[in-house]
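**Student:** Got a structure for you, questions after.
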Amino acid sequence: MGKKIFIADDESGFVSTLTSRLEFEGFEITTAPDGKAALELIPIEKPDLILLDIMMPAVNGYQVCRELKENPETSSIPILMLTAKSQESDKFWGKEAGADAYVTKPFDMDELIAEMRALLNE
Amino acid sequence: MLLWVVYGLVGTIGLMVFAVFLRETWRAWERRRFERLKIDCTRRLRVLKYLEPEDLAARLRASFSLPVIEKCLEEFAEESATSMREKLVQVSEDLGLVQARIEALTDARSWPERAAAAERLGRIGHSAAVLPLIAVLQDKSEDKQVKSVASVALREIRDPRAIEPLVEALGWDDAAIGQSVADTLAGFMPQAVPALLDVLKSSKTDDQRYWAVRILGASTDSETTGPLIAALQDRSEKVRSEAARSLGRLRARAAIHPLTETLLRDPLAPVREEAARALGEIGDEQALEALKQALGELPYEVRAGALTAMEKMGDEAVPLFLQALDEDDERTRTQAATALERNGYVDTLIERLADESGTTGGPSFLVLLKVARAGVVESLIQALSLPDLQVRVRVCQILGEVRCRSAVDVLSDAAVDDSEWAVRARALEALIRIGDPQTQALWLRQLREDEENVRECILEAMSRLSPTVLESMLPDLLPQLHDPNLKIRRLMVGLVGSIRSDRVEQALVESLSDSAADVRAQAASALGRFSKNDTVKALEKCLEDPESRVRGAAVRALGEIKDSASIPALAQAFENADDSYRDDIARALAAMKRNDLLALTDLLMGLRSGEARSGVALALGLKGDARALGLLQTFLMDGDPLVRTSAARALGELASPETGALLLPYLEDPDARVRAATVASLGRCQDPELANPLVPLLDDPDVAVGRQAALAIGQLGHPTGITYVQHFHARVSDPISQAAAAIGLTLLGDQTGLEIILEGLQDPRLAPPLRDLIRACTKETQQKFFAVLTLEPALFWLEDRQEFRSKVVEHYVGLLQSDRQPSARIRAMQALALFGESRCAPILESSLKRDPNATVRAQALESLGRFLDLPELLDRLVLAIRDPADEVRLQAARTLDGLNPDDVKPHREQLVELLETENDELQEAVCQLLSKCYRRDWRTLADRLMGAEKTHSLRGLIRTLSLIGDPKIGVLFLPILDHRDPEIRELAAEQLSHVASRLPLESLVPYLEDPNERVRSAIVRCLGKQMGAEVVTPLLERMLDPSPLVRQEVAAAFGRPTDLDDEEPVQVLTKMAKDASVLVRAQALASLIRLGVTGQRKVFEEACTDLDEEDLVALRARLNKDGTLPQVLEIMKTDRDAKKRADAVHFLAQADLQGYASEIVLALQDPATTVRMAAIETLGQLEDPGIQEAIEALSSDPVEAVRTAVKRRRLRSVSPRKEA
């Protein structure tokens, strides 16, 4: 059984591409289309790693990240922020929110997987 | 006429103006003439300067006036060499100028003239002027200005004769002159050094020594260091300060040690501060090391000075400055922060911010926060222009945290212009925290920022503002309720929810339809705080919201509004309520008007769901209205256990004797939740008698019921409950039950409760349930609990173990030293002894000696036992033996009893005196103690016994000797059998029967006639112990004794195994088995069974049923004590005759079934059927599960009769339950 990865992103095309590649790599994938759904599902799913987009409707990635890190049930799950935003503030804010790593879109898929494996201690 | 007057006036004014004009013209002409003459005179002087002074004077005098010459000489002297100046001085003298000025100095009427004369004399520089100038200084009536000029003149003359008077002048009480004189003397250095050193040594005037130190300090003479060091010990702080300052100025390395001493020991802070500065001035490694060492010991007022001095140490001092940032003293903190900024360390820290991970609270961040709190912010403000994003963000946070007003401008710029939104967000947050009203417009403008994180930050920061401030910004805030970001909307609802306004209310009602549940819930909560009836309908709609948190918020809001119109909707809400807010509905209903709620009884009763009825029951209880009793009674009979539970809880809220009666039957409810709720509610009924029915519930199969019972018994406060709750505590092992038992015991005032609670609060396993249980108790129970513990509630809730321990100890130490009532002081002693807090030993000693309350003294003695060494403790105990109060003496005896008897032995004589007490408890304790102390040489006590006269003393000695238990002691009691006091005789006979071995028959038999039946029975017992043919006759005589007590002893005596023929005792006992007294009969039958005579069992059982409870208990005790029961047990186990064994089973069960159950169980395995059946029959009466299991094991017994007996027992045990 592969490690459980949770992807929260509102771009369905991107999610489906990412899902296929990660499933090929042997991960088990669960997704959420927005921050609100992510906040509801993650405590139930208890994934091993969360890939979190920042720009999402209703609740953005930073807010999801902060709430997950404040919740004792989910605080230990590593979070990798994915975003098209490249300003210095975005990275900084991600760190402030408790994210463990930060990858800027577009990214090389191999690099992303390497980053994920590092966070999963594989 | 008038015209003439005008003409006259004009004329006069004209004349006056003309006169003034003439005068000024004349003066100008004079000045010009004087200057011309002076130039001529100077020219002449240059030509004639080689003449002798006398000739020169004559020549000049011939051509010029004295003022011209004088001025000319002065000016010429200034540009001349020393030799020429001396000649000119001579000329001045020859011309009489010196004398004239001296006369002017002494005689001129106006002070300006005298001052001018002094000045001239100074310029002339003739030594003849020295004395008159000194006289001026000494003249107390002279003007200060003149004195000052005179002093300067003396310096110009530089005549060493002036030194002495000048030094003397230093001692005058005139600061203005002092400075001037000091300046003058400074001009005489180093000639003035010896005189000044003398002053330091011998002057009694503080000012004089002060000035001397000051002048010496200004010189560079190496001789001055020693005296200046000595001056550090001067009695005047002014002198010491100046000496320190001077030594610093001189950079005197020799003074490092004395200055360090001054720094640490001088009683006055300013002097210490000067010493610190001086060490800093000296500045070498040794001095700085001294400063560093001393810093920790310095008081606040000196530390700032020391820190300034240490700035010279550079980086080495940084740790000390960092440490100083935590000082309480503001000046020290500022000083340290300034020093850190000046040496560039603050800049280093700012740079390090860039590398600090984590959100906030990195080490550099925290230090900078302290620096900023100390008011040192310049470097931070400048850092806002640094390129690193993280640095700028953190700096904004720091400036906001310390509310730095001077950073408002720079933060405002950053809030708008910074290229990074993270900085803009934090800058705005900082500005809002600072709260400058002029920046309000900026915050609101930035609320329209594109970056949602900035908007979020602004709103989060604004949530700390007061509603009044927020209200003024309402028009700008309300549009944010439609922000696309859910969190911003939620924050916004929270923000405006604190503002009471119709516009806000309308906006919040709209938010109840928001797409996000969080926003809807937040809006509902806010509307609840508004408490307006016109929002009820909107909130009622929320009761159907798909999200339970929205429904819960709406319920709570309706509860706050308290509009009775919402009762039906609330009651209906129970139908789909979940656990998270069911109690809230009950509370909301309970908040409604009483009549409105009761008017809806039919509606409430008709609710279909058990949850709803349960909630309504609870609401009625919370309402606290006795009129709801009827309805609650109906709910108690509800088929749904949840409803019964709530009804029971509700009745607990009403808590009256009437509710107690209603609740009692439900202690046997088949549902454990109902039983637990019933027990809890009974505990609140304040009727101590209700504790009795709760006792069996301690053994309830459901552990929650048991612990609730322990708590409830404690709440009811019936003292008999202590034993039961103690047993419960010993029996249970889970922490919650132990905590409940501990609370129960505490409420009952039992000391073990205090011990368990205080130890439990330091036990991570027990502390949480203890706190949870107390939290769940009513306020009254909590108050009682804390009152019994005499503990501040705040301390109870402290979760940090170390902090708890130290604060609780402080609390009890304080309590012990206070004048609180004795019970509080006793509690404090118990607690401190428990903590092993040795600090309280002196207070305990004091209490033992002086406290007027005997109980307090006794407790102090007991507690001291934990702290004192043996010799000290023995001292206190020996003193306590003489205490007038029995309570204290008893405590002393008990404590001594716990010690090694060899240690107590030296004090045993004093203890013997205590035997005279009339207090039985005390005497018993002393007897116990003495029996140990005299065990090896009891003959000393025997001597006292023979000589004792006082009854109490005699009794005590008898008891003590009896406790020693040496068989030889028995003989000693024989003479006492003749004592006149029947009680003493009785005691002696009793003890004789305990300790004596064989005694001569003839010495005992006479006392069988003693009028006291107890003496006779004790003697019979003695004889019984040496049963044999020779005692049969006297014993048989006693068969007819009028006292049943004596006859009973006879029956017991014949039951003892002897070398007699079995028949004789059996005959006697058979006869006695028909005695008139049932007690004698029972004893005789017991003795027969003991002798192995069968067929007596039923008769014995019948006899036992005739005995009253008290006699039965006494009989059991006697049978146990005289060996009957052990012997019968032996028969049960080993006798060959099965009938005897079966009889023995019955007999043991009859005598003490509980006590012998574990032995009788063995009989279940007996090879004889009759024995097994006897065991089944007897053990069947017990409900112990282990025993029942053992009996059940015989259901497969090969003998049918045994199997039937097992079945029969089973039927018997089931049927009563069915009936129940």
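Chain labels follow the order of the structure tokens: the first chain is A, the next B, and so on; residue numbering restarts at 1 in every chain, and ligands are counted from 1 in their shown order.
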Mind the document's chain letters and residue numbers, and return as a PyMOL selection string the residues of segment 36-104 of chain A that DSSP labels helix (DSSP H, G or I).
**Tutor:** chain A and resi 36-45+61-70+88-97
**Student:** Output the contact residues of chain B with respect to chain A at a cut-off of 12 Å, based on only C-alpha atoms, as a CSV table (one decimal) with N, CA, C and O atoms, in the first residue's frame.
**Tutor:**
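Contents of iface-v3.csv, as written:
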chain,number,residue,atom,x,y,z
B,354,ALA,N,16.8,37.6,9.6
B,354,ALA,CA,16.7,37.0,8.3
B,354,ALA,C,16.8,35.5,8.3
B,354,ALA,O,16.2,34.8,7.5
B,355,ASP,N,17.6,35.0,9.2
B,355,ASP,CA,17.8,33.6,9.2
B,355,ASP,C,17.0,32.8,10.3
B,355,ASP,O,17.1,31.6,10.4
B,356,GLU,N,16.2,33.5,11.0
B,356,GLU,CA,15.5,32.9,12.1
B,356,GLU,C,14.3,32.2,11.5
B,356,GLU,O,13.4,32.8,10.9
B,357,SER,N,14.2,30.9,11.8
B,357,SER,CA,13.0,30.2,11.3
B,357,SER,C,11.9,30.2,12.3
B,357,SER,O,12.0,30.8,13.4
B,358,GLY,N,10.8,29.6,12.0
B,358,GLY,CA,9.6,29.7,12.9
B,358,GLY,C,8.8,31.0,12.7
B,358,GLY,O,9.3,31.9,12.0
B,359,THR,N,7.6,31.0,13.2
B,359,THR,CA,6.8,32.2,12.9
B,359,THR,C,7.3,33.4,13.7
B,359,THR,O,7.8,34.3,13.2
B,360,THR,N,7.2,33.3,15.0
B,360,THR,CA,7.8,34.4,15.9
B,360,THR,C,8.5,33.7,17.0
B,360,THR,O,8.4,32.5,17.2
B,361,GLY,N,9.2,34.5,17.8
B,361,GLY,CA,9.8,34.0,19.0
B,361,GLY,C,11.1,33.4,18.8
B,361,GLY,O,11.6,32.7,19.7
B,387,PRO,N,16.8,45.3,2.8
B,387,PRO,CA,16.2,44.6,1.6
B,387,PRO,C,15.5,43.2,2.0
B,387,PRO,O,14.6,42.8,1.3
B,388,ASP,N,16.0,42.6,3.1
B,388,ASP,CA,15.4,41.3,3.5
B,388,ASP,C,14.0,41.4,3.9
B,388,ASP,O,13.6,42.1,4.9
B,389,LEU,N,13.1,40.6,3.3
B,389,LEU,CA,11.7,40.6,3.6
B,389,LEU,C,11.4,40.2,5.0
B,389,LEU,O,10.6,40.9,5.7
B,390,GLN,N,12.0,39.1,5.4
B,390,GLN,CA,11.7,38.6,6.8
B,390,GLN,C,12.1,39.6,7.8
B,390,GLN,O,11.4,39.8,8.8
B,391,VAL,N,13.2,40.3,7.6
B,391,VAL,CA,13.7,41.3,8.6
B,391,VAL,C,12.6,42.4,8.7
B,391,VAL,O,12.2,42.8,9.8
B,392,ARG,N,12.1,42.9,7.5
B,392,ARG,CA,11.1,43.9,7.6
B,392,ARG,C,9.8,43.5,8.3
B,392,ARG,O,9.3,44.2,9.1
B,393,VAL,N,9.4,42.3,8.0
B,393,VAL,CA,8.2,41.7,8.6
B,393,VAL,C,8.4,41.7,10.1
B,393,VAL,O,7.5,42.1,10.9
B,394,ARG,N,9.5,41.1,10.5
B,394,ARG,CA,9.7,41.0,12.0
B,394,ARG,C,9.8,42.3,12.7
B,394,ARG,O,9.3,42.5,13.8
B,418,ASP,N,5.5,49.4,0.5
B,418,ASP,CA,6.4,48.2,0.5
B,418,ASP,C,6.0,47.3,-0.7
B,418,ASP,O,4.9,47.0,-0.9
B,419,SER,N,7.0,46.8,-1.4
B,419,SER,CA,6.7,46.0,-2.5
B,419,SER,C,6.2,44.6,-2.2
B,419,SER,O,5.5,44.0,-2.9
B,420,GLU,N,6.5,44.2,-0.9
B,420,GLU,CA,6.0,42.9,-0.5
B,420,GLU,C,4.7,43.0,0.3
B,420,GLU,O,4.7,43.8,1.3
B,421,TRP,N,3.7,42.2,0.0
B,421,TRP,CA,2.5,42.3,0.7
B,421,TRP,C,2.6,41.8,2.1
B,421,TRP,O,1.9,42.2,3.0
B,422,ALA,N,3.5,40.9,2.4
B,422,ALA,CA,3.7,40.4,3.7
B,422,ALA,C,4.1,41.5,4.7
B,422,ALA,O,3.7,41.6,5.8
B,423,VAL,N,5.0,42.4,4.1
B,423,VAL,CA,5.4,43.6,5.0
B,423,VAL,C,4.2,44.6,5.1
B,423,VAL,O,4.0,45.1,6.2
B,424,ARG,N,3.5,44.8,4.0
B,424,ARG,CA,2.4,45.7,4.1
B,424,ARG,C,1.4,45.2,5.2
B,424,ARG,O,0.9,45.9,6.0
B,425,ALA,N,1.2,43.9,5.2
B,425,ALA,CA,0.2,43.3,6.1
B,425,ALA,C,0.7,43.5,7.6
B,425,ALA,O,-0.1,44.0,8.4
B,426,ARG,N,1.9,43.2,7.8
B,426,ARG,CA,2.4,43.3,9.2
B,426,ARG,C,2.5,44.8,9.6
B,426,ARG,O,2.3,45.1,10.8
B,451,GLU,N,-4.7,41.9,-2.1
B,451,GLU,CA,-4.1,40.7,-1.5
B,451,GLU,C,-5.0,40.4,-0.3
B,451,GLU,O,-5.1,41.1,0.7
B,452,GLU,N,-5.6,39.2,-0.3
B,452,GLU,CA,-6.6,38.9,0.7
B,452,GLU,C,-5.9,38.7,2.1
B,452,GLU,O,-6.5,38.9,3.1
B,453,ASN,N,-4.7,38.3,2.1
B,453,ASN,CA,-4.0,38.1,3.3
B,453,ASN,C,-3.8,39.4,4.1
B,453,ASN,O,-3.8,39.4,5.3
B,454,VAL,N,-3.6,40.4,3.3
B,454,VAL,CA,-3.5,41.8,3.9
B,454,VAL,C,-4.8,42.1,4.6
B,454,VAL,O,-4.9,42.6,5.7
B,456,GLU,N,-7.1,40.1,5.6
B,456,GLU,CA,-7.3,39.2,6.8
B,456,GLU,C,-6.5,39.8,8.0
B,456,GLU,O,-7.0,39.8,9.1
B,457,CYS,N,-5.2,40.2,7.7
B,457,CYS,CA,-4.4,40.7,8.8
B,457,CYS,C,-5.0,41.9,9.5
B,457,CYS,O,-5.0,42.1,10.7
B,482,HIS,N,-19.2,40.8,2.5
B,482,HIS,CA,-19.4,40.1,1.2
B,482,HIS,C,-18.1,39.7,0.6
B,482,HIS,O,-18.0,39.4,-0.6
B,483,ASP,N,-17.0,39.8,1.4
B,483,ASP,CA,-15.7,39.4,0.8
B,483,ASP,C,-15.8,38.0,0.3
B,483,ASP,O,-16.4,37.1,0.9
B,484,PRO,N,-15.1,37.7,-0.8
B,484,PRO,CA,-15.2,36.3,-1.4
B,484,PRO,C,-14.5,35.3,-0.4
B,484,PRO,O,-14.8,34.1,-0.5
B,485,ASN,N,-13.6,35.8,0.4
B,485,ASN,CA,-12.9,34.8,1.3
B,485,ASN,C,-13.7,34.6,2.6
B,485,ASN,O,-14.1,35.5,3.3
B,486,LEU,N,-13.9,33.3,2.8
B,486,LEU,CA,-14.8,32.9,3.9
B,486,LEU,C,-14.2,33.4,5.3
B,486,LEU,O,-15.0,33.9,6.1
B,487,LYS,N,-12.9,33.2,5.4
B,487,LYS,CA,-12.4,33.6,6.7
B,487,LYS,C,-12.5,35.1,7.0
B,487,LYS,O,-12.8,35.5,8.1
B,488,ILE,N,-12.4,35.8,5.9
B,488,ILE,CA,-12.5,37.3,6.1
B,488,ILE,C,-14.0,37.6,6.5
B,488,ILE,O,-14.2,38.4,7.4
B,489,ARG,N,-14.9,36.9,5.9
B,489,ARG,CA,-16.3,37.1,6.2
B,489,ARG,C,-16.5,36.8,7.7
B,489,ARG,O,-17.2,37.5,8.4
B,490,ARG,N,-15.9,35.6,8.1
B,490,ARG,CA,-16.1,35.2,9.4
B,490,ARG,C,-15.5,36.2,10.4
B,490,ARG,O,-16.2,36.6,11.4
B,514,ASP,N,-25.5,33.2,4.7
B,514,ASP,CA,-24.2,33.0,4.0
B,514,ASP,C,-24.0,31.6,3.6
B,514,ASP,O,-24.6,30.7,4.2
B,515,SER,N,-23.2,31.4,2.5
B,515,SER,CA,-23.0,30.0,2.1
B,515,SER,C,-22.1,29.2,3.0
B,515,SER,O,-22.2,28.0,3.1
B,516,ALA,N,-21.4,29.9,3.9
B,516,ALA,CA,-20.4,29.2,4.8
B,516,ALA,C,-21.1,29.0,6.2
B,516,ALA,O,-21.6,30.0,6.8
B,517,ALA,N,-21.0,27.8,6.6
B,517,ALA,CA,-21.7,27.5,7.9
B,517,ALA,C,-21.0,28.3,9.1
B,517,ALA,O,-21.7,28.7,10.0
B,518,ASP,N,-19.7,28.4,9.0
B,518,ASP,CA,-19.0,29.1,10.0
B,518,ASP,C,-19.5,30.6,10.2
B,518,ASP,O,-19.7,31.1,11.3
B,519,VAL,N,-19.7,31.2,9.0
B,519,VAL,CA,-20.2,32.6,9.0
B,519,VAL,C,-21.6,32.6,9.6
B,519,VAL,O,-22.0,33.5,10.4
**Student:** For Leu120 of chain A, please output as number ranges by chain all residues within 10 Å (counting only C-alpha atoms; exclusion window: fewer than 6 positions along the same chain).
**Tutor:** A: 3, 48-49, 77-78, 114
**Student:** Separation of atom CA of Glu990 of chain B and atom CA of Arg1014 of chain B, in Å?
**Tutor:** 8.1 Å
**Student:** For atom CA of Asn121 of chain A and atom CA of Ser16 of chain A, determine how far apart the two atoms are, in Å to one decimal place.
**Tutor:**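 Result for atom CA of Asn121 of chain A versus atom CA of Ser16 of chain A: 25.1 Å, one decimal.
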**Student:** Separation of atom CA of Leu137 of chain B and atom CA of Lys87 of chain B, in Å?
**Tutor:** 27.7 Å
**Student:** Using only C-alpha atoms, which residues sit within 10 Å of Asp10 of chain A once same-chain residues fewer than 5 positions away are excluded, as a list in words?
**Tutor:**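 Once the nearby chain positions are removed, what remains is Val15, Thr31, Ala32, Pro33, Asp34, Gly35, Asp53, Ile54, Met55, Met56 and Pro57 of chain A.
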**Student:** Taking 5 positions as the minimum chain separation for residues in the same chain, which residues sit within 9 Å of Gly226 of chain B when counting only C-alpha atoms? Answer as a PyMOL selection string.
**Tutor:** chain B and resi 231+254-255
**Student:** Print the selection's residues with N, CA, C and O atoms to a file, as an mmCIF file, in the first residue's frame.
**Tutor:**
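out24.cif was written with the following content:
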data_model
loop_
_atom_site.group_PDB
_atom_site.id
_atom_site.type_symbol
_atom_site.label_atom_id
_atom_site.label_comp_id
_atom_site.auth_asym_id
_atom_site.auth_seq_id
_atom_site.Cartn_x
_atom_site.Cartn_y
_atom_site.Cartn_z
ATOM 1 N N ALA B 231 39.640 58.046 51.189
ATOM 2 C CA ALA B 231 38.417 58.868 51.223
ATOM 3 C C ALA B 231 37.185 58.095 50.775
ATOM 4 O O ALA B 231 36.063 58.550 50.981
ATOM 5 N N ALA B 254 45.434 51.103 41.249
ATOM 6 C CA ALA B 254 45.517 50.645 42.639
ATOM 7 C C ALA B 254 44.154 50.709 43.336
ATOM 8 O O ALA B 254 43.951 50.091 44.375
ATOM 9 N N ALA B 255 43.266 51.490 42.744
ATOM 10 C CA ALA B 255 41.965 51.682 43.409
ATOM 11 C C ALA B 255 40.916 50.667 42.968
ATOM 12 O O ALA B 255 39.776 50.725 43.415
#
**Student:** Using only C-alpha atoms, determine which residues lie at most 7 Å from Leu279 of chain B, disregarding the query and same-chain residues fewer than 5 positions distant; provide the list as a PyMOL selection string.
**Tutor:** chain B and resi 248+256+259+287-288+309
**Student:** Go ahead and write the selection's residues with all heavy atoms as an mmCIF file, in the first residue's frame.
**Tutor:**
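New file out_7.cif:
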data_model
loop_
_atom_site.group_PDB
_atom_site.id
_atom_site.type_symbol
_atom_site.label_atom_id
_atom_site.label_comp_id
_atom_site.auth_asym_id
_atom_site.auth_seq_id
_atom_site.Cartn_x
_atom_site.Cartn_y
_atom_site.Cartn_z
ATOM 1 N N GLY B 248 38.588 57.537 39.315
ATOM 2 C CA GLY B 248 38.322 57.169 37.933
ATOM 3 C C GLY B 248 39.048 58.099 36.979
ATOM 4 O O GLY B 248 39.648 57.661 36.000
ATOM 5 N N ILE B 256 41.297 49.735 42.090
ATOM 6 C CA ILE B 256 40.273 48.813 41.556
ATOM 7 C C ILE B 256 39.588 48.028 42.673
ATOM 8 O O ILE B 256 38.359 47.981 42.750
ATOM 9 C CB ILE B 256 40.914 47.843 40.526
ATOM 10 C CG1 ILE B 256 41.272 48.631 39.267
ATOM 11 C CG2 ILE B 256 39.958 46.701 40.181
ATOM 12 C CD1 ILE B 256 42.056 47.861 38.240
ATOM 13 N N LEU B 259 37.520 50.278 44.957
ATOM 14 C CA LEU B 259 36.324 50.744 44.239
ATOM 15 C C LEU B 259 35.297 49.612 44.100
ATOM 16 O O LEU B 259 34.089 49.849 44.215
ATOM 17 C CB LEU B 259 36.715 51.251 42.844
ATOM 18 C CG LEU B 259 37.295 52.665 42.803
ATOM 19 C CD1 LEU B 259 37.884 52.968 41.428
ATOM 20 C CD2 LEU B 259 36.259 53.722 43.161
ATOM 21 N N ALA B 287 39.647 45.865 36.073
ATOM 22 C CA ALA B 287 38.519 46.682 36.537
ATOM 23 C C ALA B 287 37.216 46.180 35.948
ATOM 24 O O ALA B 287 36.187 46.096 36.633
ATOM 25 C CB ALA B 287 38.742 48.134 36.135
ATOM 26 N N LEU B 288 37.258 45.821 34.677
ATOM 27 C CA LEU B 288 36.024 45.370 34.038
ATOM 28 C C LEU B 288 35.584 44.014 34.583
ATOM 29 O O LEU B 288 34.395 43.752 34.731
ATOM 30 C CB LEU B 288 36.225 45.300 32.532
ATOM 31 C CG LEU B 288 36.466 46.679 31.904
ATOM 32 C CD1 LEU B 288 36.761 46.559 30.428
ATOM 33 C CD2 LEU B 288 35.276 47.592 32.125
ATOM 34 N N ALA B 309 29.217 52.054 32.643
ATOM 35 C CA ALA B 309 30.653 51.866 32.774
ATOM 36 C C ALA B 309 31.130 50.683 31.944
ATOM 37 O O ALA B 309 32.226 50.691 31.389
ATOM 38 C CB ALA B 309 31.012 51.654 34.235
#
**Student:** So that I can see what lies close to Glu52 of chain B, please list as a list in words the residues with an atom at most 12 Å from it, counting only C-alpha atoms and leaving out residues fewer than 2 positions away in the same chain.
**Tutor:**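 Within the cut-off, the hits are Leu45, Leu48, Lys49, Tyr50, Glu54, Asp55, Leu56, Ala57, Ala58, Arg59, Met84, Glu86, Lys87, Leu88, Gln90, Val91 and Asp94 of chain B.
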